[in-house]
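To start, the structure under review is shown below, and the notes come after it.
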Amino acid sequence: MLKATDNPPARPPGIASVAELAGDWWVGHTKSRAEKAFAWDLLARDVPHYLPLAVREAVWGGRKRKVWVPLFPGYVFFCGGEGVRYAAMTTNRLCQVIAVPRREAFVEQLAAVERAVDAGLTLEHYPFAVAGRRCRVRSGPLMGLAGTIVRDQDKSRLVLEVAILGQGAALEVAADLLEPLD
């Protein structure tokens with residue numbers, strides 16, 4: 001059974017969206033399977049962060065269980081100045097910290113992922129950069145969300161890209177809800 005207390009909050013309490021956060025953005029590349037522990041450490045240090053989680057079914061001990069896993073394995077996003085970066089490094093849970101050079105584009109990409117996660121949609125990790133047609137959702141709860149369309153086993157998927165990682169998150173969207181961005 002899923003318990004909320006087993007997982008850190010995606011963002012600190014009181015923060016409704018990553019778009020609200022001011023300051024420099026950093027990508028924390030964590031040690032293996034340390035994303036949640038690192039997010040807890042950031043929360044304890046009052047560092048604004050974002051850790052998108054997705055529900056997956058896992059089998060162990062002969063039983064199926066639902067678990068929350070990071071949407072981008074090995075990465076946690078956090079915001080602040082050099083002092084925050086230093087505090088993150090002192091957690092001893094990071095391999096490296098990547099500075100985000102284009103803040104506005106990054107926040108826009110992260111906000112798109114955040115919106116899909118908050119809508120309760122099933123997202124899948126999409127591990128490589130996307131090449132395809134850019135589209136926007138024209139109606140429904142994701143109206144205005146932009147991404148790239150890919151075909152996967154006769155299904156249309158909208159990939160929300162996080163360019164700095166060269167990765168994205170894919171979700172199924174009905175083709176009639178999309179319009180090209182050309």
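In the structure tokens, each chain is lettered A, B, ... as it comes, each chain's residues begin at 1, and ligands are numbered from 1 in order of appearance.
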Please provide the set of residues having any atom within 12 Å of range 31-45 of chain A, restricted to only C-alpha atoms, with same-chain residues fewer than 2 positions apart removed, written as a ChimeraX atom specification.
-> /A:5-13,27-29,47-53,68-80,83-97
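The nearest approach to Asp118 in chain A among the residues A:Arg65, A:Ala19, A:Leu142, A:Cys135, with only C-alpha atoms taken into account, belongs to A:Leu142.
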From the DSSP assignment of the backbone, select every residue of range 43-129 of chain A that is strand (DSSP E or B), and format the answer as number ranges by chain.
-> A: 49-50, 53-60, 63-70, 75-79, 94-99, 124-126
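A straight line drawn from CA of Val100 in chain A to CA of Trp26 in chain A is 5.6 Å long.
The space separating CA of Arg103 in chain A from CA of Ser17 in chain A comes to 14.9 Å.
Taking CA of Val113 in chain A and CA of Asp182 in chain A as the two end points, the separation is 21.8 Å.
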Check range 5-177 of chain A with DSSP on the backbone and list each residue it calls alpha helix (DSSP H), as a ChimeraX atom specification.
-> /A:35-44,82-89,103-118
Top pick for closest residue to Ala175 in chain A, considering A:Val162, A:Ala112, A:Val117, A:Val150 and counting only C-alpha atoms = A:Val150
Which neighbours of Gly140 in chain A fall inside 12 Å, counting only C-alpha atoms, when residues of the same chain fewer than 4 positions from it are skipped, and could you give them as a compact mmCIF listing (two decimals) with N, CA and C atoms, in the first residue's frame?
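New file out_18.txt:
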```
# COMPACT_ATOMS: atom_id res chain seq x y z
N ALA A 116 1.36 17.96 -15.92
CA ALA A 116 0.91 16.60 -16.27
C ALA A 116 0.91 15.69 -15.05
N ALA A 119 -1.95 16.58 -12.76
CA ALA A 119 -3.24 16.18 -13.32
C ALA A 119 -3.52 14.70 -13.09
N ARG A 136 0.65 21.17 -29.74
CA ARG A 136 0.08 21.74 -28.52
C ARG A 136 -1.29 21.11 -28.32
N GLY A 144 -3.03 23.88 -23.92
CA GLY A 144 -1.90 24.78 -23.99
C GLY A 144 -0.55 24.10 -23.78
N LEU A 145 -0.55 22.87 -23.30
CA LEU A 145 0.69 22.13 -23.06
C LEU A 145 1.32 21.77 -24.41
N VAL A 173 -2.00 10.88 -25.64
CA VAL A 173 -2.95 11.95 -25.90
C VAL A 173 -3.69 11.60 -27.19
N ALA A 174 -5.00 11.77 -27.18
CA ALA A 174 -5.78 11.52 -28.39
C ALA A 174 -5.36 12.51 -29.48
N ASP A 176 -6.89 13.84 -31.88
CA ASP A 176 -7.83 14.91 -32.21
C ASP A 176 -7.75 16.09 -31.23
N LEU A 177 -7.02 15.94 -30.14
CA LEU A 177 -6.85 17.03 -29.18
C LEU A 177 -5.61 17.88 -29.47
N LEU A 178 -4.87 17.50 -30.51
CA LEU A 178 -3.59 18.18 -30.80
C LEU A 178 -3.67 19.07 -32.02
```
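Close contacts of Phe128 in chain A, defined as residues with an atom at most 12 Å away when counting only C-alpha atoms, with chain neighbours fewer than 5 positions off set aside, comprise A:Phe72, A:Val150, A:Val159, A:Leu160, A:Glu161, A:Val162, A:Ala163, A:Ile164, A:Leu165, A:Gly166, A:Gln167, A:Gly168, A:Ala169, A:Ala170.
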